[in-house]
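Novice: target.tsv is reproduced in full below (TSV, C-alpha atoms (C1' of nucleotides)).
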chain	number	residue	atom	x	y	z
A	1420	MET	CA	33.48	50.18	24.18
A	1421	LYS	CA	35.43	47.44	22.58
A	1422	ARG	CA	34.63	44.77	20.12
A	1423	ASN	CA	32.98	42.10	22.21
A	1424	SER	CA	30.97	44.46	24.32
A	1425	ARG	CA	27.85	42.45	23.59
A	1426	LEU	CA	29.39	39.39	25.14
A	1427	SER	CA	30.52	41.48	28.09
A	1428	LEU	CA	27.07	42.84	28.61
A	1429	ALA	CA	25.49	39.43	28.31
A	1430	LEU	CA	27.88	37.84	30.78
A	1431	HIS	CA	27.52	40.68	33.20
A	1432	THR	CA	23.74	40.64	33.14
A	1433	LEU	CA	23.29	36.90	33.26
A	1434	GLY	CA	25.88	36.63	35.98
A	1435	HIS	CA	23.90	38.89	38.22
A	1436	MET	CA	20.62	37.26	37.33
A	1437	ALA	CA	22.05	33.91	38.26
A	1438	GLY	CA	22.48	35.23	41.78
A	1439	LYS	CA	18.80	36.14	42.09
A	1440	PRO	CA	16.99	34.00	39.52
A	1441	ASP	CA	13.53	35.19	40.54
A	1442	ARG	CA	14.15	38.90	40.50
A	1443	VAL	CA	12.76	40.70	37.48
A	1444	GLN	CA	14.87	43.56	36.19
A	1445	THR	CA	13.96	46.27	33.72
A	1446	SER	CA	16.24	47.13	30.83
A	1447	ALA	CA	16.69	50.56	32.40
A	1448	GLU	CA	18.00	49.04	35.62
A	1449	ILE	CA	20.31	46.74	33.77
A	1450	ALA	CA	21.57	49.53	31.53
A	1451	ASP	CA	22.22	51.70	34.53
A	1452	HIS	CA	24.16	49.00	36.27
A	1453	ALA	CA	26.15	48.14	33.17
A	1454	GLY	CA	26.86	51.74	32.26
A	1455	THR	CA	25.09	51.64	28.96
A	1456	ASN	CA	21.72	52.37	27.37
A	1457	ALA	CA	18.38	50.64	27.81
A	1458	VAL	CA	17.92	50.19	24.08
A	1459	VAL	CA	21.31	48.58	23.78
A	1460	VAL	CA	20.40	46.28	26.63
A	1461	ARG	CA	17.17	45.28	24.95
A	1462	ARG	CA	19.02	44.61	21.72
A	1463	VAL	CA	21.52	42.29	23.32
A	1464	LEU	CA	19.10	40.65	25.71
A	1465	GLY	CA	16.70	40.17	22.81
A	1466	LYS	CA	19.23	37.81	21.28
A	1467	LEU	CA	19.40	35.89	24.51
A	1468	ARG	CA	15.64	35.69	24.61
A	1469	GLU	CA	15.52	34.35	21.05
A	1470	ALA	CA	17.94	31.70	22.19
A	1471	GLY	CA	15.66	30.78	25.06
A	1472	LEU	CA	17.94	31.96	27.85
A	1473	LEU	CA	15.79	34.83	29.03
A	1474	VAL	CA	12.13	35.76	29.14
A	1475	SER	CA	10.79	39.29	29.05
A	1476	GLU	CA	7.45	40.76	30.04
A	1477	LYS	CA	5.92	44.03	29.02
A	1478	GLY	CA	3.96	46.45	31.11
A	1479	HIS	CA	3.88	47.29	34.76
A	1480	SER	CA	6.24	45.16	36.83
A	1481	GLY	CA	7.54	43.74	33.57
A	1482	GLY	CA	11.18	43.18	32.75
A	1483	TRP	CA	13.70	40.40	32.27
A	1484	LYS	CA	14.62	37.22	34.06
A	1485	LEU	CA	16.25	33.90	33.37
A	1486	ALA	CA	14.25	31.37	31.39
A	1487	ARG	CA	16.06	28.43	33.01
A	1488	THR	CA	18.02	27.71	36.12
A	1489	PRO	CA	21.61	29.01	36.22
A	1490	ASN	CA	22.68	25.42	36.24
A	1491	ASP	CA	21.09	24.94	32.88
A	1492	ILE	CA	22.73	27.87	31.09
A	1493	THR	CA	26.27	27.32	29.87
A	1494	LEU	CA	28.81	29.81	28.62
A	1495	ALA	CA	28.43	28.19	25.21
A	1496	ASP	CA	24.71	28.97	25.23
A	1497	ILE	CA	25.53	32.62	25.77
A	1498	TYR	CA	28.31	32.69	23.22
A	1499	LEU	CA	26.17	31.03	20.58
A	1500	ALA	CA	23.13	33.18	21.33
A	1501	LEU	CA	25.06	36.25	20.22
A	1502	ASP	CA	26.12	34.53	17.01
A	1503	GLU	CA	29.45	36.28	16.77
A	1504	GLN	CA	31.56	33.64	15.18
A	1505	LEU	CA	35.28	33.87	15.59
A	1506	VAL	CA	35.97	32.26	12.28
A	1507	PRO	CA	34.16	34.15	9.57
A	1508	ALA	CA	31.65	31.80	8.01
A	1509	PRO	CA	33.04	30.36	4.78
A	1510	ASP	CA	31.98	33.05	2.36
A	1511	GLU	CA	30.18	31.44	-0.56
A	1512	THR	CA	30.51	34.53	-2.68
A	1513	ASP	CA	34.26	34.45	-3.06
A	1514	LYS	CA	35.06	31.75	-5.50
A	1515	PRO	CA	38.68	30.70	-5.32
A	1516	HIS	CA	40.02	31.55	-8.74
A	1517	CYS	CA	43.34	29.85	-8.18
A	1518	SER	CA	43.54	26.27	-7.03
A	1519	ILE	CA	46.45	27.13	-4.81
A	1520	GLU	CA	44.49	29.82	-3.03
A	1521	HIS	CA	41.61	27.42	-2.70
A	1522	ALA	CA	43.77	24.72	-1.17
A	1523	LEU	CA	45.31	27.09	1.36
A	1524	HIS	CA	41.99	28.54	2.31
A	1525	ALA	CA	40.45	25.17	2.70
A	1526	ARG	CA	43.23	24.11	5.01
A	1527	VAL	CA	43.01	27.21	7.16
A	1528	SER	CA	39.22	27.18	7.26
A	1529	ALA	CA	39.11	23.56	8.27
A	1530	ILE	CA	41.43	24.24	11.16
A	1531	MET	CA	39.56	27.33	12.25
A	1532	THR	CA	36.19	25.64	12.13
A	1533	ASP	CA	37.61	22.82	14.15
A	1534	VAL	CA	39.07	25.16	16.71
A	1535	GLU	CA	35.85	27.10	17.05
A	1536	GLN	CA	34.05	23.84	17.64
A	1537	SER	CA	36.44	23.04	20.44
A	1538	LEU	CA	35.90	26.51	21.87
A	1539	ILE	CA	32.18	25.84	22.02
A	1540	GLU	CA	32.72	22.48	23.64
A	1541	ARG	CA	34.90	23.97	26.29
A	1542	LEU	CA	32.47	26.81	26.96
A	1543	SER	CA	29.66	24.34	27.31
A	1544	ALA	CA	31.45	22.69	30.21
A	1545	THR	CA	30.80	25.68	32.46
A	1546	SER	CA	27.39	26.86	33.58
A	1547	LEU	CA	26.39	30.13	35.14
A	1548	ALA	CA	25.99	28.32	38.42
A	1549	ASP	CA	29.57	27.07	38.23
A	1550	VAL	CA	30.95	30.56	38.02
A	1551	ARG	CA	28.97	31.75	40.99
A	1552	GLU	CA	31.17	29.50	43.06
A	1553	PRO	CA	34.57	30.99	43.82
A	1554	LEU	CA	37.25	29.53	41.60
B	1246	MET	CA	35.92	42.39	0.45
B	1247	LYS	CA	35.33	40.66	3.67
B	1248	ARG	CA	36.88	40.81	7.05
B	1249	ASN	CA	39.94	38.63	6.73
B	1250	SER	CA	40.92	39.87	3.32
B	1251	ARG	CA	44.44	40.46	4.54
B	1252	LEU	CA	44.83	36.82	5.40
B	1253	SER	CA	43.32	35.89	2.04
B	1254	LEU	CA	45.75	38.10	0.22
B	1255	ALA	CA	48.71	36.80	2.18
B	1256	LEU	CA	47.79	33.17	1.61
B	1257	HIS	CA	47.15	33.77	-2.04
B	1258	THR	CA	50.43	35.54	-2.64
B	1259	LEU	CA	52.60	33.26	-0.60
B	1260	GLY	CA	50.95	30.24	-2.13
B	1261	HIS	CA	51.95	31.32	-5.58
B	1262	MET	CA	55.43	32.33	-4.51
B	1263	ALA	CA	55.92	28.92	-2.99
B	1264	GLY	CA	55.51	27.48	-6.47
B	1265	LYS	CA	58.30	29.61	-7.89
B	1266	PRO	CA	60.47	30.59	-4.93
B	1267	ASP	CA	63.05	32.39	-7.05
B	1268	ARG	CA	60.75	34.54	-9.10
B	1269	VAL	CA	60.60	38.18	-8.02
B	1270	GLN	CA	57.20	39.82	-8.29
B	1271	THR	CA	56.29	43.47	-8.12
B	1272	SER	CA	53.46	44.69	-5.96
B	1273	ALA	CA	51.69	45.78	-9.14
B	1274	GLU	CA	51.82	42.27	-10.56
B	1275	ILE	CA	50.59	40.77	-7.33
B	1276	ALA	CA	47.82	43.32	-7.00
B	1277	ASP	CA	46.72	42.67	-10.53
B	1278	HIS	CA	46.61	38.96	-9.96
B	1279	ALA	CA	44.78	39.29	-6.68
B	1280	GLY	CA	42.32	41.85	-7.94
B	1281	THR	CA	43.36	44.59	-5.59
B	1282	ASN	CA	45.67	47.57	-5.35
B	1283	ALA	CA	49.45	47.76	-5.27
B	1284	VAL	CA	49.46	49.89	-2.13
B	1285	VAL	CA	47.23	47.42	-0.36
B	1286	VAL	CA	49.58	44.66	-1.40
B	1287	ARG	CA	52.60	46.52	-0.08
B	1288	ARG	CA	50.80	47.13	3.20
B	1289	VAL	CA	49.97	43.49	3.75
B	1290	LEU	CA	53.23	42.14	2.42
B	1291	GLY	CA	55.06	44.67	4.56
B	1292	LYS	CA	53.74	42.85	7.60
B	1293	LEU	CA	55.03	39.59	6.22
B	1294	ARG	CA	58.40	41.16	5.60
B	1295	GLU	CA	58.54	42.45	9.17
B	1296	ALA	CA	57.89	38.90	10.28
B	1297	GLY	CA	60.77	37.68	8.15
B	1298	LEU	CA	58.69	35.74	5.66
B	1299	LEU	CA	59.39	37.92	2.65
B	1300	VAL	CA	62.12	40.19	1.38
B	1301	SER	CA	61.59	43.19	-0.87
B	1302	GLU	CA	63.95	45.12	-3.10
B	1303	LYS	CA	63.56	48.58	-4.49
B	1304	GLY	CA	64.49	49.82	-7.89
B	1305	HIS	CA	64.78	48.26	-11.27
B	1306	SER	CA	64.03	44.55	-11.23
B	1307	GLY	CA	63.02	44.93	-7.61
B	1308	GLY	CA	60.00	43.31	-6.01
B	1309	TRP	CA	59.07	40.61	-3.55
B	1310	LYS	CA	60.09	37.05	-2.93
B	1311	LEU	CA	60.13	34.51	-0.13
B	1312	ALA	CA	62.75	35.00	2.55
B	1313	ARG	CA	62.84	31.28	3.33
B	1314	THR	CA	62.00	28.04	1.63
B	1315	PRO	CA	58.30	27.13	1.42
B	1316	ASN	CA	59.10	24.25	3.72
B	1317	ASP	CA	60.13	26.71	6.36
B	1318	ILE	CA	57.03	28.88	6.35
B	1319	THR	CA	54.04	27.58	8.24
B	1320	LEU	CA	50.46	28.75	8.21
B	1321	ALA	CA	51.00	29.89	11.77
B	1322	ASP	CA	53.84	32.14	10.66
B	1323	ILE	CA	51.48	33.82	8.23
B	1324	TYR	CA	48.63	34.07	10.68
B	1325	LEU	CA	50.84	35.55	13.37
B	1326	ALA	CA	52.56	37.95	10.98
B	1327	LEU	CA	49.26	39.71	10.38
B	1328	ASP	CA	48.64	39.97	14.12
B	1329	GLU	CA	44.90	39.67	13.86
B	1330	GLN	CA	44.05	37.89	17.04
B	1331	LEU	CA	40.78	36.04	17.19
B	1332	VAL	CA	40.36	36.59	20.88
B	1333	PRO	CA	40.59	40.28	21.64
B	1334	ALA	CA	43.59	40.81	23.84
B	1335	PRO	CA	42.51	41.04	27.48
B	1336	ASP	CA	41.76	44.73	27.69
B	1337	GLU	CA	43.58	46.21	30.66
B	1338	THR	CA	41.48	49.34	30.57
B	1339	ASP	CA	38.21	47.73	31.51
B	1340	LYS	CA	38.31	47.11	35.20
B	1341	PRO	CA	35.71	44.59	36.27
B	1342	HIS	CA	33.54	46.53	38.65
B	1343	CYS	CA	31.58	43.51	39.74
B	1344	SER	CA	33.30	40.41	40.99
B	1345	ILE	CA	30.78	38.29	39.20
B	1346	GLU	CA	31.51	39.92	35.89
B	1347	HIS	CA	35.19	39.53	36.57
B	1348	ALA	CA	34.86	35.84	37.31
B	1349	LEU	CA	32.85	35.18	34.17
B	1350	HIS	CA	35.20	37.16	32.01
B	1351	ALA	CA	38.20	35.45	33.45
B	1352	ARG	CA	36.70	32.08	32.70
B	1353	VAL	CA	35.79	32.94	29.13
B	1354	SER	CA	39.09	34.68	28.44
B	1355	ALA	CA	41.08	31.77	29.77
B	1356	ILE	CA	39.27	29.41	27.46
B	1357	MET	CA	39.60	31.70	24.46
B	1358	THR	CA	43.28	32.27	24.99
B	1359	ASP	CA	43.76	28.57	25.29
B	1360	VAL	CA	41.82	27.90	22.14
B	1361	GLU	CA	43.73	30.49	20.17
B	1362	GLN	CA	46.95	28.86	21.31
B	1363	SER	CA	45.73	25.56	19.99
B	1364	LEU	CA	44.79	27.24	16.72
B	1365	ILE	CA	48.34	28.45	16.34
B	1366	GLU	CA	49.74	25.05	17.15
B	1367	ARG	CA	47.59	23.44	14.54
B	1368	LEU	CA	48.44	26.04	11.92
B	1369	SER	CA	52.11	25.55	12.62
B	1370	ALA	CA	51.82	21.91	11.62
B	1371	THR	CA	51.32	22.84	7.98
B	1372	SER	CA	53.89	24.55	5.79
B	1373	LEU	CA	53.45	26.24	2.45
B	1374	ALA	CA	55.19	23.30	0.86
B	1375	ASP	CA	52.67	20.91	2.39
B	1376	VAL	CA	49.79	22.66	0.74
B	1377	ARG	CA	51.41	22.60	-2.67
B	1378	GLU	CA	50.88	18.88	-2.59
B	1379	PRO	CA	47.37	17.77	-3.46
B	1380	LEU	CA	45.40	16.88	-0.36
C	605	DG	C1'	69.86	61.41	-14.95
C	606	DG	C1'	65.96	58.71	-15.84
C	607	DT	C1'	63.32	54.77	-14.89
C	608	DT	C1'	61.60	51.42	-11.80
C	609	DA	C1'	59.57	49.80	-7.62
C	610	DC	C1'	59.16	50.00	-2.69
C	611	DG	C1'	57.64	52.97	1.51
C	612	DT	C1'	54.30	55.89	3.34
C	613	DA	C1'	51.29	59.60	4.24
C	614	DA	C1'	46.78	61.42	3.39
C	615	DC	C1'	42.38	61.17	1.92
C	616	DT	C1'	37.83	58.81	0.66
C	617	DA	C1'	33.95	55.48	0.74
C	618	DA	C1'	31.79	51.69	2.79
C	619	DC	C1'	30.78	49.23	6.69
C	620	DT	C1'	30.22	48.15	11.65
C	621	DT	C1'	28.88	49.31	16.21
C	622	DG	C1'	27.31	51.63	20.30
C	623	DG	C1'	24.52	55.29	21.62
C	624	DT	C1'	20.32	58.12	21.31
C	625	DT	C1'	15.60	59.64	20.29
C	626	DA	C1'	11.10	58.59	19.26
C	627	DC	C1'	7.48	55.93	18.54
C	628	DT	C1'	4.32	51.62	18.96
C	629	DA	C1'	2.35	47.68	21.46
C	630	DG	C1'	1.10	45.18	25.41
C	631	DA	C1'	0.19	44.68	30.52
C	632	DT	C1'	-0.97	46.38	34.92
C	633	DA	C1'	-2.77	49.92	38.21
C	634	DC	C1'	-6.15	53.14	39.21
D	1269	DG	C1'	-11.41	53.30	30.33
D	1270	DT	C1'	-7.38	55.92	31.09
D	1271	DA	C1'	-2.87	56.46	32.82
D	1272	DT	C1'	1.40	54.42	33.52
D	1273	DC	C1'	4.98	51.35	32.87
D	1274	DT	C1'	7.89	48.42	30.09
D	1275	DA	C1'	9.45	45.87	26.04
D	1276	DG	C1'	10.06	46.13	20.88
D	1277	DT	C1'	11.78	48.58	17.07
D	1278	DA	C1'	12.82	51.88	13.62
D	1279	DA	C1'	15.68	55.73	12.46
D	1280	DC	C1'	19.43	58.36	12.97
D	1281	DC	C1'	24.23	59.89	14.62
D	1282	DA	C1'	29.21	59.47	15.91
D	1283	DA	C1'	33.22	56.87	16.12
D	1284	DG	C1'	36.14	53.42	14.52
D	1285	DT	C1'	37.83	50.14	11.03
D	1286	DT	C1'	39.21	48.84	6.43
D	1287	DA	C1'	40.10	48.69	1.49
D	1288	DG	C1'	40.97	51.56	-2.04
D	1289	DT	C1'	43.20	55.55	-4.20
D	1290	DT	C1'	46.35	59.40	-5.14
D	1291	DA	C1'	50.57	61.47	-4.42
D	1292	DC	C1'	55.12	61.85	-3.28
D	1293	DG	C1'	59.63	60.48	-1.31
D	1294	DT	C1'	63.53	57.04	-1.44
D	1295	DA	C1'	66.56	53.59	-3.02
D	1296	DA	C1'	68.43	50.67	-6.84
D	1297	DC	C1'	69.75	49.96	-11.38
D	1298	DC	C1'	70.27	51.09	-16.35
Please lay out the structure from this file as structure tokens.
Specialist:
Amino acid sequence: MKRNSRLSLALHTLGHMAGKPDRVQTSAEIADHAGTNAVVVRRVLGKLREAGLLVSEKGHSGGWKLARTPNDITLADIYLALDEQLVPAPDETDKPHCSIEHALHARVSAIMTDVEQSLIERLSATSLADVREPL
Amino acid sequence: MKRNSRLSLALHTLGHMAGKPDRVQTSAEIADHAGTNAVVVRRVLGKLREAGLLVSEKGHSGGWKLARTPNDITLADIYLALDEQLVPAPDETDKPHCSIEHALHARVSAIMTDVEQSLIERLSATSLADVREPL
DNA sequence: GGTTACGTAACTAACTTGGTTACTAGATAC
DNA sequence: GTATCTAGTAACCAAGTTAGTTACGTAACC
């Protein structure tokens, strides 16, 4: 699998759940449908649960379902839940020895942070429900 | 070192070269100053040479220097020379089995591609010479 | 010809990530 | 109460990535 497979898995799973918001699915079912492993599914979906997008139940007839309506879950919610930032968080440990390096880094970091912010804003404009509709 | 150490090294090196555009520096000198290895330096700077930002000379009194004036090298040039794309290039190999997954992916990819484009545009607004000046 | 410095291949160590196995902890069915 | 089902999680493995290192070839200059 490739680098953003977690995002792929999350989108895939939530997309299907948005179609049947009341259906409860087990991690095994989801893994089977996504061509991966139940533990991997639980790892990724666990992040989404921490972010309040999903709820999970143990035991018989347990499993996963959406914690909110598809209308109330945006692409930004999903992206942020996985906390995979595009721009590597400004690393406090590397102190810029040279002022010139510091200035360049500051400039680039400022732009990248800004751009990531705009990414999040744009992702937040689309909900799961929106994407159910044909484009 | 962290993930974008190549970009760090490139910015660092070019930043210093911009201060003394005529000085020729060996990869050993640069590595020493950047706290890394000469081979690593040649690898990264090789990318910048391929992109036409640097020239290198072999032999006695050989080394590296800028191929253009600092005014003519933008942060976007540097970023692009390293071809580390933020948004993973739309992978042709993964065929979207489900239409819903496809639709979601298409939406997210479109936004990400767009955002990366705007990153490049913003980086291209600043040249090495600009950053020499105090902010 | 010898020295210098780039160009590159090959190897290593550290790290990341997805996959897998195995186990524990709840919740329901019986 | 016991069996069964499912999430939660730890531990480990394999593959891939990356920086670092060593070694050697190649070109330029003295």
Novice: For chain A, list the residues within 7 Å of chain C, counting only C-alpha atoms (C1' of nucleotides), and write the list as a list in words.
Specialist: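 Contact residues on the first chain: Lys1477, Gly1478 and His1479 of chain A.
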Novice: Hey, could you make a per-residue contact list for chain B against chain D with 10 Å as the cut-off, showing the nearest pair of atoms and its distance in Å to one decimal, counting only C-alpha atoms (C1' of nucleotides), sorted by chain and number, as a Markdown table?
Specialist:
| residue | atom | partner | partner_atom | distance |
| --- | --- | --- | --- | --- |
| B:Met1246 | CA | D:DA1287 | C1' | 7.6 |
| B:Lys1247 | CA | D:DT1286 | C1' | 9.5 |
| B:Arg1248 | CA | D:DT1286 | C1' | 8.4 |
| B:Ser1250 | CA | D:DA1287 | C1' | 9.0 |
| B:Arg1251 | CA | D:DA1287 | C1' | 9.8 |
| B:Thr1281 | CA | D:DG1288 | C1' | 8.2 |
| B:Asn1282 | CA | D:DG1288 | C1' | 7.0 |
| B:Ala1283 | CA | D:DG1288 | C1' | 9.8 |
| B:Val1284 | CA | D:DG1288 | C1' | 8.7 |
| B:Val1285 | CA | D:DA1287 | C1' | 7.5 |
| B:Glu1302 | CA | D:DA1296 | C1' | 8.1 |
| B:Lys1303 | CA | D:DA1296 | C1' | 5.8 |
| B:Gly1304 | CA | D:DA1296 | C1' | 4.2 |
| B:His1305 | CA | D:DC1297 | C1' | 5.3 |
| B:Ser1306 | CA | D:DC1297 | C1' | 7.9 |
| B:Gly1307 | CA | D:DA1296 | C1' | 7.9 |
Novice: Given the point (16.0, 31.0, 42.6) in the file's coordinates, find the residues that have an atom at most 10 Å from it, counting only C-alpha atoms (C1' of nucleotides), and give them as a PyMOL selection string.
Specialist: chain A and resi 1436-1442+1485+1487-1489
Novice: How would chain B read as a tab-separated table (two decimals) with C-alpha atoms, keeping the file's coordinate frame once least-squares superposed on chain A using all paired C-alpha atoms?
Specialist:
chain	number	residue	atom	x	y	z
B	1246	MET	CA	33.56	50.20	24.24
B	1247	LYS	CA	35.44	47.46	22.62
B	1248	ARG	CA	34.60	44.83	20.12
B	1249	ASN	CA	32.94	42.14	22.17
B	1250	SER	CA	30.92	44.49	24.30
B	1251	ARG	CA	27.81	42.49	23.58
B	1252	LEU	CA	29.34	39.42	25.11
B	1253	SER	CA	30.51	41.50	28.06
B	1254	LEU	CA	27.05	42.87	28.60
B	1255	ALA	CA	25.45	39.46	28.31
B	1256	LEU	CA	27.86	37.86	30.75
B	1257	HIS	CA	27.51	40.70	33.17
B	1258	THR	CA	23.73	40.65	33.15
B	1259	LEU	CA	23.29	36.93	33.25
B	1260	GLY	CA	25.88	36.64	35.96
B	1261	HIS	CA	23.92	38.91	38.22
B	1262	MET	CA	20.61	37.28	37.36
B	1263	ALA	CA	22.06	33.93	38.25
B	1264	GLY	CA	22.51	35.23	41.78
B	1265	LYS	CA	18.84	36.13	42.11
B	1266	PRO	CA	17.01	34.00	39.56
B	1267	ASP	CA	13.57	35.20	40.60
B	1268	ARG	CA	14.19	38.91	40.57
B	1269	VAL	CA	12.78	40.72	37.54
B	1270	GLN	CA	14.89	43.57	36.22
B	1271	THR	CA	13.98	46.29	33.78
B	1272	SER	CA	16.22	47.16	30.88
B	1273	ALA	CA	16.69	50.58	32.45
B	1274	GLU	CA	17.99	49.06	35.67
B	1275	ILE	CA	20.32	46.76	33.80
B	1276	ALA	CA	21.56	49.55	31.57
B	1277	ASP	CA	22.22	51.73	34.56
B	1278	HIS	CA	24.16	49.02	36.28
B	1279	ALA	CA	26.15	48.17	33.18
B	1280	GLY	CA	26.85	51.75	32.26
B	1281	THR	CA	25.06	51.67	28.96
B	1282	ASN	CA	21.69	52.38	27.40
B	1283	ALA	CA	18.35	50.66	27.85
B	1284	VAL	CA	17.87	50.20	24.12
B	1285	VAL	CA	21.26	48.60	23.80
B	1286	VAL	CA	20.36	46.29	26.65
B	1287	ARG	CA	17.10	45.30	25.01
B	1288	ARG	CA	18.93	44.62	21.76
B	1289	VAL	CA	21.46	42.31	23.34
B	1290	LEU	CA	19.05	40.66	25.73
B	1291	GLY	CA	16.64	40.19	22.85
B	1292	LYS	CA	19.16	37.83	21.30
B	1293	LEU	CA	19.36	35.90	24.53
B	1294	ARG	CA	15.59	35.69	24.66
B	1295	GLU	CA	15.47	34.37	21.10
B	1296	ALA	CA	17.90	31.70	22.21
B	1297	GLY	CA	15.63	30.79	25.09
B	1298	LEU	CA	17.92	31.98	27.86
B	1299	LEU	CA	15.77	34.84	29.06
B	1300	VAL	CA	12.12	35.78	29.18
B	1301	SER	CA	10.77	39.32	29.10
B	1302	GLU	CA	7.44	40.77	30.12
B	1303	LYS	CA	5.90	44.04	29.11
B	1304	GLY	CA	3.93	46.41	31.22
B	1305	HIS	CA	3.84	47.24	34.86
B	1306	SER	CA	6.25	45.15	36.89
B	1307	GLY	CA	7.56	43.75	33.64
B	1308	GLY	CA	11.21	43.18	32.83
B	1309	TRP	CA	13.71	40.40	32.32
B	1310	LYS	CA	14.62	37.23	34.10
B	1311	LEU	CA	16.27	33.90	33.40
B	1312	ALA	CA	14.23	31.40	31.43
B	1313	ARG	CA	16.05	28.46	33.02
B	1314	THR	CA	18.02	27.74	36.14
B	1315	PRO	CA	21.61	29.03	36.22
B	1316	ASN	CA	22.67	25.41	36.24
B	1317	ASP	CA	21.07	24.97	32.87
B	1318	ILE	CA	22.72	27.87	31.08
B	1319	THR	CA	26.24	27.33	29.86
B	1320	LEU	CA	28.78	29.81	28.59
B	1321	ALA	CA	28.38	28.20	25.20
B	1322	ASP	CA	24.67	28.98	25.22
B	1323	ILE	CA	25.50	32.63	25.76
B	1324	TYR	CA	28.26	32.70	23.20
B	1325	LEU	CA	26.11	31.04	20.57
B	1326	ALA	CA	23.08	33.20	21.33
B	1327	LEU	CA	25.00	36.27	20.21
B	1328	ASP	CA	26.05	34.53	17.00
B	1329	GLU	CA	29.38	36.26	16.76
B	1330	GLN	CA	31.50	33.63	15.15
B	1331	LEU	CA	35.22	33.88	15.58
B	1332	VAL	CA	35.96	32.27	12.27
B	1333	PRO	CA	34.14	34.13	9.53
B	1334	ALA	CA	31.67	31.75	7.98
B	1335	PRO	CA	33.12	30.27	4.79
B	1336	ASP	CA	32.06	32.92	2.32
B	1337	GLU	CA	30.29	31.27	-0.59
B	1338	THR	CA	30.61	34.37	-2.72
B	1339	ASP	CA	34.36	34.31	-3.06
B	1340	LYS	CA	35.20	31.69	-5.59
B	1341	PRO	CA	38.82	30.64	-5.38
B	1342	HIS	CA	40.18	31.54	-8.77
B	1343	CYS	CA	43.49	29.85	-8.18
B	1344	SER	CA	43.69	26.27	-7.05
B	1345	ILE	CA	46.56	27.14	-4.80
B	1346	GLU	CA	44.59	29.81	-3.03
B	1347	HIS	CA	41.71	27.40	-2.72
B	1348	ALA	CA	43.87	24.71	-1.18
B	1349	LEU	CA	45.39	27.08	1.35
B	1350	HIS	CA	42.05	28.54	2.28
B	1351	ALA	CA	40.51	25.15	2.65
B	1352	ARG	CA	43.28	24.10	4.98
B	1353	VAL	CA	43.04	27.19	7.15
B	1354	SER	CA	39.25	27.17	7.21
B	1355	ALA	CA	39.14	23.54	8.21
B	1356	ILE	CA	41.42	24.22	11.13
B	1357	MET	CA	39.54	27.32	12.20
B	1358	THR	CA	36.18	25.64	12.06
B	1359	ASP	CA	37.57	22.81	14.09
B	1360	VAL	CA	39.03	25.15	16.65
B	1361	GLU	CA	35.81	27.10	16.99
B	1362	GLN	CA	34.00	23.83	17.59
B	1363	SER	CA	36.39	23.03	20.38
B	1364	LEU	CA	35.84	26.50	21.81
B	1365	ILE	CA	32.14	25.83	21.99
B	1366	GLU	CA	32.68	22.47	23.59
B	1367	ARG	CA	34.85	23.97	26.25
B	1368	LEU	CA	32.44	26.81	26.92
B	1369	SER	CA	29.62	24.34	27.27
B	1370	ALA	CA	31.42	22.68	30.16
B	1371	THR	CA	30.79	25.67	32.41
B	1372	SER	CA	27.39	26.86	33.56
B	1373	LEU	CA	26.40	30.14	35.12
B	1374	ALA	CA	26.01	28.33	38.40
B	1375	ASP	CA	29.58	27.06	38.18
B	1376	VAL	CA	30.96	30.54	37.97
B	1377	ARG	CA	29.01	31.74	40.97
B	1378	GLU	CA	31.24	29.52	43.02
B	1379	PRO	CA	34.65	30.97	43.77
B	1380	LEU	CA	37.30	29.50	41.52
Novice: Pull out every residue of chain B that has at least one atom within 8 Å of chain A, counting all atoms listed in the file, and report them as a list in words.
Specialist: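 Output check: Arg1248, Asn1249, Ser1253, Leu1256, His1257, Gly1260, His1261, Leu1320, Leu1331, Val1332, Pro1333, Ile1345, Glu1346, Ala1348, Leu1349, His1350, Arg1352, Val1353, Ile1356, Met1357, Val1360, Glu1361, Ser1363, Leu1364, Arg1367, Leu1368, Val1376 and Arg1377 of chain B.
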Novice: Atom CA of Ile1318 of chain B and atom CA of Lys1292 of chain B, how far apart in Å?
Specialist: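 Separation between atom CA of Lys1292 of chain B and atom CA of Ile1318 of chain B: 14.4 Å.
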